[in-house]
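What follows is the content of input.pdb (PDB, C-alpha atoms).
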```pdb
ATOM      1  CA  MET F   1       7.864 -22.042  16.394
ATOM      2  CA  THR F   2       9.126 -23.343  19.733
ATOM      3  CA  LEU F   3       8.743 -21.737  23.124
ATOM      4  CA  ASN F   4      12.367 -20.621  22.919
ATOM      5  CA  ASP F   5      11.836 -18.643  19.721
ATOM      6  CA  GLY F   6      10.629 -15.613  21.697
ATOM      7  CA  LYS F   7       9.014 -12.574  20.210
ATOM      8  CA  PHE F   8       9.503 -11.510  16.639
ATOM      9  CA  SER F   9       8.351  -8.519  14.668
ATOM     10  CA  ILE F  10       6.892  -8.009  11.212
ATOM     11  CA  THR F  11       6.988  -4.575   9.616
ATOM     12  CA  VAL F  12       5.159  -3.864   6.344
ATOM     13  CA  PRO F  13       5.024  -0.517   4.511
ATOM     14  CA  ALA F  14       1.861   1.102   3.227
ATOM     15  CA  SER F  15       1.398   1.551  -0.491
ATOM     16  CA  SER F  16      -0.281   3.669  -3.103
ATOM     17  CA  ALA F  17      -1.520   2.164  -6.336
ATOM     18  CA  ASN F  18      -2.116   3.413  -9.872
ATOM     19  CA  LEU F  19      -0.256   6.778  -9.783
ATOM     20  CA  GLY F  20      -2.882   7.876 -12.277
ATOM     21  CA  PRO F  21      -2.922   5.694 -15.411
ATOM     22  CA  GLY F  22      -1.069   2.667 -13.983
ATOM     23  CA  PHE F  23      -4.372   1.088 -12.986
ATOM     24  CA  ASP F  24      -3.996  -2.202 -11.059
ATOM     25  CA  SER F  25      -0.392  -2.490 -12.263
ATOM     26  CA  MET F  26       1.716   0.290 -10.676
ATOM     27  CA  GLY F  27       2.352   0.867  -6.996
ATOM     28  CA  VAL F  28       4.779   2.598  -4.675
ATOM     29  CA  ALA F  29       5.739   1.659  -1.107
ATOM     30  CA  LEU F  30       5.225   4.466   1.402
ATOM     31  CA  SER F  31       6.840   5.386   4.716
ATOM     32  CA  LEU F  32       3.787   4.476   6.800
ATOM     33  CA  TYR F  33       3.879   1.097   8.526
ATOM     34  CA  LEU F  34       1.902  -1.834   9.867
ATOM     35  CA  LYS F  35       3.828  -3.496  12.703
ATOM     36  CA  LEU F  36       3.178  -6.815  14.418
ATOM     37  CA  GLU F  37       4.804  -8.156  17.576
ATOM     38  CA  VAL F  38       4.244 -11.907  17.714
ATOM     39  CA  GLU F  39       4.856 -14.611  20.300
ATOM     40  CA  LYS F  40       3.590 -18.130  20.882
ATOM     41  CA  SER F  41       0.393 -18.402  22.936
ATOM     42  CA  GLU F  42      -2.154 -20.951  24.096
ATOM     43  CA  LYS F  43      -4.790 -19.331  21.891
ATOM     44  CA  TRP F  44      -5.042 -16.791  19.096
ATOM     45  CA  GLU F  45      -5.060 -13.238  20.416
ATOM     46  CA  CYS F  46      -4.929  -9.930  18.535
ATOM     47  CA  PHE F  47      -4.872  -6.577  20.264
ATOM     48  CA  SER F  48      -3.886  -2.996  19.548
ATOM     49  CA  THR F  49      -3.494   0.365  21.240
ATOM     50  CA  SER F  50      -4.345   2.112  17.956
ATOM     51  CA  GLU F  51      -7.787   3.684  18.248
ATOM     52  CA  GLU F  52      -8.685   2.788  14.656
ATOM     53  CA  LEU F  53      -7.882  -0.901  15.193
ATOM     54  CA  LYS F  54      -9.467  -1.476  18.604
ATOM     55  CA  ASP F  55     -12.819  -2.677  17.272
ATOM     56  CA  LEU F  56     -11.359  -5.430  15.071
ATOM     57  CA  PRO F  57     -11.736  -9.077  16.205
ATOM     58  CA  GLY F  58      -9.423 -10.077  19.046
ATOM     59  CA  ASP F  59      -9.167 -13.778  18.162
ATOM     60  CA  GLU F  60      -8.528 -15.959  15.117
ATOM     61  CA  GLN F  61     -11.353 -14.158  13.289
ATOM     62  CA  HIS F  62      -9.011 -11.195  12.849
ATOM     63  CA  PHE F  63      -8.227 -10.723   9.136
ATOM     64  CA  ILE F  64      -4.485 -11.216   9.643
ATOM     65  CA  CYS F  65      -5.038 -14.477  11.543
ATOM     66  CA  GLN F  66      -7.468 -15.724   8.912
ATOM     67  CA  VAL F  67      -5.064 -15.100   6.031
ATOM     68  CA  ALA F  68      -2.159 -16.618   7.983
ATOM     69  CA  LEU F  69      -4.136 -19.763   8.800
ATOM     70  CA  GLN F  70      -5.355 -20.125   5.215
ATOM     71  CA  THR F  71      -1.820 -19.639   3.879
ATOM     72  CA  ALA F  72      -0.360 -22.305   6.160
ATOM     73  CA  ALA F  73      -3.213 -24.678   5.345
ATOM     74  CA  LYS F  74      -2.334 -24.480   1.641
ATOM     75  CA  TYR F  75       0.980 -26.120   2.533
ATOM     76  CA  GLY F  76      -0.554 -28.667   4.903
ATOM     77  CA  VAL F  77       0.650 -26.896   8.036
ATOM     78  CA  ASP F  78      -1.418 -26.341  11.174
ATOM     79  CA  LEU F  79      -0.293 -22.972  12.488
ATOM     80  CA  PRO F  80       0.139 -22.871  16.281
ATOM     81  CA  PRO F  81      -1.753 -20.035  17.995
ATOM     82  CA  CYS F  82       0.008 -16.726  18.558
ATOM     83  CA  ARG F  83      -0.461 -13.568  20.562
ATOM     84  CA  ILE F  84      -0.187 -10.599  18.199
ATOM     85  CA  LYS F  85       0.127  -6.941  19.007
ATOM     86  CA  VAL F  86      -0.979  -4.980  15.943
ATOM     87  CA  GLU F  87      -0.002  -1.332  15.505
ATOM     88  CA  SER F  88      -0.399   0.764  12.396
ATOM     89  CA  ASP F  89      -0.130   4.339  11.200
ATOM     90  CA  ILE F  90      -1.784   3.395   7.895
ATOM     91  CA  PRO F  91      -5.303   4.887   7.821
ATOM     92  CA  LEU F  92      -8.030   2.350   7.016
ATOM     93  CA  ALA F  93     -10.154   2.672   3.853
ATOM     94  CA  ARG F  94      -8.265   5.732   2.628
ATOM     95  CA  GLY F  95      -6.508   4.300  -0.448
ATOM     96  CA  LEU F  96      -3.164   3.684   1.265
ATOM     97  CA  GLY F  97      -3.053  -0.100   0.978
ATOM     98  CA  SER F  98      -4.075  -1.032   4.525
ATOM     99  CA  SER F  99      -5.594  -4.356   3.414
ATOM    100  CA  ALA F 100      -2.596  -5.182   1.212
ATOM    101  CA  SER F 101      -0.160  -4.562   4.068
ATOM    102  CA  ALA F 102      -2.276  -6.810   6.297
ATOM    103  CA  ILE F 103      -2.189  -9.576   3.671
ATOM    104  CA  ILE F 104       1.596  -9.364   3.378
ATOM    105  CA  ALA F 105       1.966  -9.340   7.180
ATOM    106  CA  ALA F 106      -0.233 -12.429   7.435
ATOM    107  CA  ILE F 107       1.754 -14.320   4.802
ATOM    108  CA  GLU F 108       5.020 -13.368   6.508
ATOM    109  CA  LEU F 109       3.522 -14.590   9.801
ATOM    110  CA  ALA F 110       2.499 -17.932   8.299
ATOM    111  CA  ASP F 111       5.883 -18.347   6.635
ATOM    112  CA  TYR F 112       7.873 -17.618   9.804
ATOM    113  CA  VAL F 113       5.763 -19.489  12.346
ATOM    114  CA  GLY F 114       4.931 -22.380  10.033
ATOM    115  CA  LYS F 115       8.485 -22.620   8.684
ATOM    116  CA  LEU F 116       7.117 -22.716   5.135
ATOM    117  CA  GLY F 117      10.305 -21.465   3.479
ATOM    118  CA  LEU F 118       8.421 -19.339   0.954
ATOM    119  CA  THR F 119      10.285 -17.361  -1.675
ATOM    120  CA  LYS F 120       9.403 -13.726  -2.413
ATOM    121  CA  LYS F 121       7.827 -14.883  -5.675
ATOM    122  CA  GLU F 122       5.628 -17.384  -3.842
ATOM    123  CA  LYS F 123       4.608 -14.770  -1.279
ATOM    124  CA  LEU F 124       3.733 -12.369  -4.092
ATOM    125  CA  LEU F 125       1.540 -14.909  -5.887
ATOM    126  CA  LEU F 126      -0.275 -15.826  -2.672
ATOM    127  CA  ALA F 127      -0.921 -12.149  -1.910
ATOM    128  CA  THR F 128      -1.968 -11.315  -5.464
ATOM    129  CA  ASP F 129      -4.430 -14.227  -5.523
ATOM    130  CA  ILE F 130      -6.098 -12.706  -2.457
ATOM    131  CA  GLU F 131      -5.909  -9.033  -3.468
ATOM    132  CA  GLY F 132      -6.678  -9.583  -7.166
ATOM    133  CA  HIS F 133      -3.880  -7.373  -8.498
ATOM    134  CA  PRO F 134      -0.157  -7.013  -7.694
ATOM    135  CA  ASP F 135       0.314  -3.243  -7.301
ATOM    136  CA  ASN F 136      -0.297  -2.712  -3.568
ATOM    137  CA  VAL F 137       0.900  -6.101  -2.318
ATOM    138  CA  GLY F 138       3.948  -5.979  -4.599
ATOM    139  CA  ALA F 139       4.976  -2.586  -3.259
ATOM    140  CA  SER F 140       4.469  -3.665   0.367
ATOM    141  CA  LEU F 141       6.448  -6.872  -0.174
ATOM    142  CA  PHE F 142       9.352  -5.600  -2.293
ATOM    143  CA  GLY F 143       9.409  -1.864  -1.584
ATOM    144  CA  GLY F 144      10.182   0.811  -4.167
ATOM    145  CA  LEU F 145       8.175   1.651  -7.248
ATOM    146  CA  VAL F 146       6.680  -1.542  -8.646
ATOM    147  CA  ILE F 147       5.128  -2.459 -11.974
ATOM    148  CA  GLY F 148       3.365  -5.794 -12.185
ATOM    149  CA  SER F 149       1.120  -7.986 -14.284
ATOM    150  CA  TYR F 150      -1.250 -10.737 -13.122
ATOM    151  CA  GLN F 151      -2.501 -13.027 -15.868
ATOM    152  CA  ASN F 152      -3.592 -16.654 -16.073
ATOM    153  CA  GLY F 153      -2.680 -17.318 -12.459
ATOM    154  CA  GLU F 154       0.854 -16.000 -12.870
ATOM    155  CA  VAL F 155       2.304 -12.766 -11.548
ATOM    156  CA  ASP F 156       5.374 -10.909 -12.790
ATOM    157  CA  ILE F 157       6.728  -7.777 -11.165
ATOM    158  CA  LEU F 158       9.658  -5.390 -11.232
ATOM    159  CA  SER F 159      10.687  -3.248  -8.267
ATOM    160  CA  LEU F 160      12.455  -0.068  -9.331
ATOM    161  CA  THR F 161      14.813   1.852  -7.063
ATOM    162  CA  GLU F 162      16.408   4.179  -9.597
ATOM    163  CA  THR F 163      13.736   6.838  -9.348
ATOM    164  CA  SER F 164      13.258   9.156  -6.392
ATOM    165  CA  PHE F 165      10.552  11.608  -5.493
ATOM    166  CA  GLU F 166       8.637  12.688  -2.428
ATOM    167  CA  MET F 167       4.917  12.595  -1.834
ATOM    168  CA  VAL F 168       2.548  14.557   0.343
ATOM    169  CA  ALA F 169      -0.626  12.667   1.195
ATOM    170  CA  VAL F 170      -3.816  14.656   1.716
ATOM    171  CA  ILE F 171      -5.989  12.345   3.798
ATOM    172  CA  PRO F 172      -9.620  13.261   4.510
ATOM    173  CA  LYS F 173     -11.438  12.123   7.629
ATOM    174  CA  GLU F 174     -14.044  10.325   5.522
ATOM    175  CA  SER F 175     -13.340   6.801   4.304
ATOM    176  CA  LEU F 176     -14.143   5.330   0.897
ATOM    177  CA  LEU F 177     -14.430   1.578   0.490
ATOM    178  CA  THR F 178     -12.701   0.123  -2.557
ATOM    179  CA  LYS F 179     -15.829  -1.831  -3.519
ATOM    180  CA  ASP F 180     -17.778   1.427  -3.697
ATOM    181  CA  SER F 181     -15.199   3.220  -5.815
ATOM    182  CA  ARG F 182     -14.880   0.202  -8.122
ATOM    183  CA  GLY F 183     -18.622   0.281  -8.629
ATOM    184  CA  VAL F 184     -18.403   3.492 -10.664
ATOM    185  CA  LEU F 185     -15.911   2.080 -13.194
ATOM    186  CA  PRO F 186     -17.034   1.039 -16.685
ATOM    187  CA  SER F 187     -17.324  -2.663 -17.431
ATOM    188  CA  THR F 188     -15.889  -2.311 -20.951
ATOM    189  CA  PHE F 189     -13.425  -0.081 -22.775
ATOM    190  CA  SER F 190     -13.345   0.698 -26.487
ATOM    191  CA  TYR F 191     -10.278  -0.347 -28.467
ATOM    192  CA  PRO F 192      -9.196   3.275 -29.241
ATOM    193  CA  ASP F 193      -9.654   4.257 -25.597
ATOM    194  CA  ALA F 194      -7.617   1.258 -24.456
ATOM    195  CA  ILE F 195      -4.771   2.255 -26.786
ATOM    196  CA  GLN F 196      -4.797   5.830 -25.552
ATOM    197  CA  ALA F 197      -5.034   4.832 -21.894
ATOM    198  CA  SER F 198      -2.214   2.287 -22.096
ATOM    199  CA  SER F 199       0.060   4.690 -23.987
ATOM    200  CA  THR F 200      -0.451   7.219 -21.198
ATOM    201  CA  ALA F 201       0.553   4.608 -18.611
ATOM    202  CA  ASN F 202       3.609   3.601 -20.663
ATOM    203  CA  LEU F 203       4.763   7.188 -20.941
ATOM    204  CA  LEU F 204       4.262   7.728 -17.196
ATOM    205  CA  VAL F 205       6.705   4.897 -16.476
ATOM    206  CA  ALA F 206       9.260   6.320 -18.899
ATOM    207  CA  ALA F 207       8.878   9.814 -17.425
ATOM    208  CA  LEU F 208       9.392   8.556 -13.860
ATOM    209  CA  LEU F 209      12.460   6.530 -14.845
ATOM    210  CA  THR F 210      14.041   9.466 -16.651
ATOM    211  CA  LYS F 211      12.963  11.924 -13.923
ATOM    212  CA  ASN F 212      11.019  14.012 -16.394
ATOM    213  CA  TRP F 213       8.731  15.233 -13.641
ATOM    214  CA  GLU F 214       6.693  17.651 -15.730
ATOM    215  CA  LEU F 215       5.795  14.914 -18.209
ATOM    216  CA  ALA F 216       5.049  12.472 -15.370
ATOM    217  CA  GLY F 217       2.573  14.927 -13.875
ATOM    218  CA  LYS F 218       0.951  15.466 -17.248
ATOM    219  CA  MET F 219       0.440  11.715 -17.723
ATOM    220  CA  MET F 220      -1.053  11.398 -14.230
ATOM    221  CA  GLU F 221      -3.670  13.978 -15.183
ATOM    222  CA  GLN F 222      -4.448  12.270 -18.510
ATOM    223  CA  ASP F 223      -5.434   8.929 -16.992
ATOM    224  CA  LEU F 224      -8.498   7.397 -18.644
ATOM    225  CA  PHE F 225      -8.755   4.143 -16.707
ATOM    226  CA  HIS F 226     -10.255   5.212 -13.384
ATOM    227  CA  GLN F 227      -9.774   8.811 -12.253
ATOM    228  CA  PRO F 228     -12.402  10.385 -14.545
ATOM    229  CA  TYR F 229     -15.016   8.088 -12.958
ATOM    230  CA  ARG F 230     -13.835   8.400  -9.367
ATOM    231  CA  LYS F 231     -13.182  12.137  -9.194
ATOM    232  CA  PRO F 232     -16.899  12.925  -8.672
ATOM    233  CA  LEU F 233     -16.666  10.881  -5.443
ATOM    234  CA  ILE F 234     -13.866  13.194  -4.244
ATOM    235  CA  PRO F 235     -15.384  16.716  -4.127
ATOM    236  CA  PHE F 236     -12.122  18.379  -3.006
ATOM    237  CA  TYR F 237      -9.976  16.821  -5.772
ATOM    238  CA  LYS F 238      -9.728  19.844  -8.065
ATOM    239  CA  ASP F 239      -9.084  22.323  -5.267
ATOM    240  CA  VAL F 240      -6.276  20.224  -3.795
ATOM    241  CA  GLU F 241      -4.767  19.586  -7.236
ATOM    242  CA  THR F 242      -4.729  23.307  -8.083
ATOM    243  CA  LEU F 243      -3.286  24.254  -4.699
ATOM    244  CA  ALA F 244      -0.600  21.546  -4.711
ATOM    245  CA  LYS F 245       0.619  22.412  -8.192
ATOM    246  CA  SER F 246       0.781  26.101  -7.280
ATOM    247  CA  GLU F 247       3.044  25.122  -4.368
ATOM    248  CA  GLY F 248       5.489  23.044  -6.405
ATOM    249  CA  ALA F 249       3.947  19.596  -6.894
ATOM    250  CA  PHE F 250       4.669  18.171 -10.337
ATOM    251  CA  GLY F 251       1.612  15.915 -10.248
ATOM    252  CA  VAL F 252      -1.426  14.878  -8.245
ATOM    253  CA  ALA F 253      -3.227  11.530  -8.355
ATOM    254  CA  LEU F 254      -5.769   9.527  -6.414
ATOM    255  CA  SER F 255      -4.034   7.147  -4.045
ATOM    256  CA  GLY F 256      -5.460   3.798  -5.040
ATOM    257  CA  ALA F 257      -9.234   4.059  -5.049
ATOM    258  CA  GLY F 258      -9.126   7.231  -2.931
ATOM    259  CA  PRO F 259     -10.181   9.318  -1.175
ATOM    260  CA  THR F 260      -6.565  10.190  -0.279
ATOM    261  CA  LEU F 261      -4.758  12.327  -2.838
ATOM    262  CA  LEU F 262      -1.020  11.996  -3.387
ATOM    263  CA  CYS F 263       0.839  15.151  -4.371
ATOM    264  CA  PHE F 264       4.192  14.333  -5.971
ATOM    265  CA  SER F 265       7.248  16.544  -5.689
ATOM    266  CA  GLU F 266      10.918  16.394  -6.536
ATOM    267  CA  ASN F 267      13.242  15.401  -3.712
ATOM    268  CA  GLY F 268      13.829  18.277  -1.331
ATOM    269  CA  LYS F 269      10.546  20.030  -2.059
ATOM    270  CA  GLY F 270       8.217  17.854  -0.013
ATOM    271  CA  LYS F 271       8.605  19.674   3.315
ATOM    272  CA  SER F 272       7.615  23.064   1.950
ATOM    273  CA  LEU F 273       4.712  21.502   0.049
ATOM    274  CA  GLU F 274       3.547  19.760   3.218
ATOM    275  CA  LYS F 275       3.729  23.004   5.189
ATOM    276  CA  GLU F 276       1.641  24.948   2.680
ATOM    277  CA  LEU F 277      -0.972  22.224   2.338
ATOM    278  CA  LYS F 278      -1.285  21.845   6.112
ATOM    279  CA  THR F 279      -1.950  25.568   6.429
ATOM    280  CA  ALA F 280      -4.529  25.572   3.635
ATOM    281  CA  LEU F 281      -6.244  22.303   4.602
ATOM    282  CA  PRO F 282      -6.584  22.290   8.399
ATOM    283  CA  HIS F 283      -9.581  19.925   8.252
ATOM    284  CA  MET F 284      -7.516  17.142   6.643
ATOM    285  CA  SER F 285      -4.446  15.156   7.619
ATOM    286  CA  VAL F 286      -1.436  16.181   5.519
ATOM    287  CA  ARG F 287       1.720  14.034   5.654
ATOM    288  CA  ARG F 288       4.970  14.072   3.723
ATOM    289  CA  LEU F 289       5.980  10.560   2.698
ATOM    290  CA  ASP F 290       9.108   8.970   1.280
ATOM    291  CA  ILE F 291       9.410   5.869  -0.879
ATOM    292  CA  ASP F 292      10.148   2.814   1.263
ATOM    293  CA  TYR F 293      12.764   0.750  -0.541
ATOM    294  CA  SER F 294      12.969  -2.159   1.921
ATOM    295  CA  GLY F 295       9.525  -3.732   1.760
ATOM    296  CA  SER F 296       8.368  -6.166   4.442
ATOM    297  CA  LYS F 297      10.790  -7.257   7.168
ATOM    298  CA  VAL F 298      10.744 -10.028   9.754
ATOM    299  CA  TYR F 299      13.190 -10.078  12.670
ATOM    300  CA  LYS F 300      13.569 -11.270  16.245
ATOM    301  CA  LEU F 301      12.928  -8.512  18.739
ATOM    302  CA  GLU F 302      15.756  -9.631  21.017
ATOM    303  CA  ASN F 303      18.222  -8.659  18.291
ATOM    304  CA  VAL F 304      16.679  -5.209  18.049
ATOM    305  CA  ASN F 305      16.797  -4.673  21.830
ATOM    306  CA  ARG F 306      20.521  -5.349  21.967
ATOM    307  CA  SER F 307      21.371  -2.887  19.213
TER     308      SER F 307
END
```
Translate this structure into C-alpha cells?
Amino acid sequence: MTLNDGKFSITVPASSANLGPGFDSMGVALSLYLKLEVEKSEKWECFSTSEELKDLPGDEQHFICQVALQTAAKYGVDLPPCRIKVESDIPLARGLGSSASAIIAAIELADYVGKLGLTKKEKLLLATDIEGHPDNVGASLFGGLVIGSYQNGEVDILSLTETSFEMVAVIPKESLLTKDSRGVLPSTFSYPDAIQASSTANLLVAALLTKNWELAGKMMEQDLFHQPYRKPLIPFYKDVETLAKSEGAFGVALSGAGPTLLCFSENGKGKSLEKELKTALPHMSVRRLDIDYSGSKVYKLENVNRS
C-alpha cells in the first residue's frame, strides 16, 4: 500500500452457526457488521468508539493485527503498519460469530495491504485453519446460508441464496465463551446416535431449501449433536422457545455456542415477532435480522464519499 492509496474500508457480516443439528458445518450470514477503516501509518494503531471494544489492545497485539500479520507472513510479506478504526454491532461472546468476522477482516486486510492476490477459496482455508471449522467464517466470507466440510486440511463449502427467512435474535447481557460451552460436549458418539444426528441435519438442509418451514423447525429441535448438552447453560431457553413459537416462529435454535437464541420466521413475519419478544423480554436485547447475501467487502472510502 502506498501513501496515495488513502483510506479503505472492510465490512464483514456476523454469522450464526449450527442452526440446530448442522454442528460445525452450517452457518448463516447475519445483518450485523464489523467495519474497519484502514490507512497507512507509521505504527500499528487500533481504536474504536464502541464501548465493548475500547479495552482491546490498541497496537499490533490486537487480534485483527495479529491475524493479518501472520497471514501476510505465510506468503513472505512484511505488512506495513496501519491505523485501523474498528467498529462493530456484533456482540462479543454471544454466539454471533464475532471472532470469525474478525478473522475474515484480518485476512482481507492482509490481502489488500500486502497485495497477496488471494482467492476466496484461499481466504476460506486460511480462516478455517484458524477457526477450526468453516461454518462461521464461511458465512462471513461468502454470505448467505453456507454448508461446509473441513477434512484433511481441505475445506469445501457451498453458499446458498435460494432460501429466505428472517431471524429474531434474543441476546442476553451475559456472555458465554465458546471454550466453556464446548467443554460440556461428549468426546464420543455412538454409531446409532451419529446416524440419527446426521439424518436430522440432512433433513434440515432439505427443509430449508424447499421452504418447508414446519419441518425445518422440527429438525432444529431434534438436534443431538450439541443443544441437549448446552441447553442447561441457557436457563431461559425453554421459555423463549415456547414464547417465540406462540408468536409465529417456525423454529428456535442456539446461535453457535450460545447464549444467544435465534428465532426463525418466514419472510414478512419477523417484525411482529420482534415486537412481541421485545415486550415480553425487556431485560434482553431483541433484534430482527436478515440474511446477508454479500459477505465481506473491501472498498476505497473515497469512492463511497462521492456516491
Using the chain letters and numbering of this document, enumerate as a PDB file with C-alpha atoms, keeping the file's coordinate frame the residues selected by the PyMOL selection byres ((chain F and resi 52) around 10).
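Written output follows (part_39.pdb):
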```pdb
ATOM      1  CA  SER F  48      -3.886  -2.996  19.548  1.00  0.00           C
ATOM      2  CA  THR F  49      -3.494   0.365  21.240  1.00  0.00           C
ATOM      3  CA  SER F  50      -4.345   2.112  17.956  1.00  0.00           C
ATOM      4  CA  GLU F  51      -7.787   3.684  18.248  1.00  0.00           C
ATOM      5  CA  LEU F  53      -7.882  -0.901  15.193  1.00  0.00           C
ATOM      6  CA  LYS F  54      -9.467  -1.476  18.604  1.00  0.00           C
ATOM      7  CA  ASP F  55     -12.819  -2.677  17.272  1.00  0.00           C
ATOM      8  CA  LEU F  56     -11.359  -5.430  15.071  1.00  0.00           C
ATOM      9  CA  GLU F  87      -0.002  -1.332  15.505  1.00  0.00           C
ATOM     10  CA  SER F  88      -0.399   0.764  12.396  1.00  0.00           C
ATOM     11  CA  ASP F  89      -0.130   4.339  11.200  1.00  0.00           C
ATOM     12  CA  ILE F  90      -1.784   3.395   7.895  1.00  0.00           C
ATOM     13  CA  PRO F  91      -5.303   4.887   7.821  1.00  0.00           C
ATOM     14  CA  LEU F  92      -8.030   2.350   7.016  1.00  0.00           C
TER      15      LEU F  92
END
```
Worksheet item: Evaluating the PyMOL selection byres ((chain F and resi 294) around 12) on the displayed file yields which residues, as an MDAnalysis selection string?
Response: chainID F and resid 11:14 28:31 33 138:145 159:161 290:293 295:298
Discussion item. Between atom CA of Cys46 of chain F and atom CA of Leu109 of chain F, what is the distance in Å, rounded to a tenth?
Written reply: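 Interatomic distance here is 13.0 Å.
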Fill in: Pick from F:Asn136, F:Gln222, F:Ser25, F:Ser255, whichever lies nearest to Thr200 of chain F using all atoms listed in the file
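Of the candidates, the smallest distance to Thr200 of chain F is held by F:Gln222.
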Worksheet item: Applied to the shown file, which residues does the PyMOL selection byres ((chain F and resi 174-185) around 9) return, written as a ChimeraX atom specification?
Response: /F:91-95,171-173,186-188,225-226,229-230,233,256-260
Practice prompt. Extract, using all atoms listed in the file, all DNA, RNA and protein residues at most 7 Å from segment 273-279 of chain F, discarding same-chain residues fewer than 2 positions from it, and format them as a VMD selection string.
Written response: chain F and resid 168 247 to 248 269 to 271 281 to 282 286 to 288
Worksheet item: Between F:Ile84, F:Met284, F:Met219, F:Ile234, which is the closest to Ser41 of chain F once you count all atoms listed in the file?
Response: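 When distances to Ser41 of chain F are compared using all atoms listed in the file, the smallest one comes from F:Ile84.
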Practice prompt. Mind giving me the straight-line distance from atom CA of Leu36 of chain F to atom CA of Lys123 of chain F in Å, one decimal?
Written response: 17.7 Å
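In this comparison, which uses all atoms listed in the file, the residue of F:Met167, F:Leu224, F:Glu60, F:Glu42 approaching Ser199 of chain F most closely is F:Leu224.
One distance worth recording is that between atom CA of Met220 of chain F and atom CA of Leu203 of chain F, which is 9.8 Å.
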Discussion item. So, with all atoms listed in the file as the atoms that count, which of F:Leu32, F:Leu204, F:Ser265, F:Leu116 lies closest to Ser16 of chain F?
Written reply: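 Between F:Leu32, F:Leu204, F:Ser265, F:Leu116, the residue approaching Ser16 of chain F most closely is F:Leu32.
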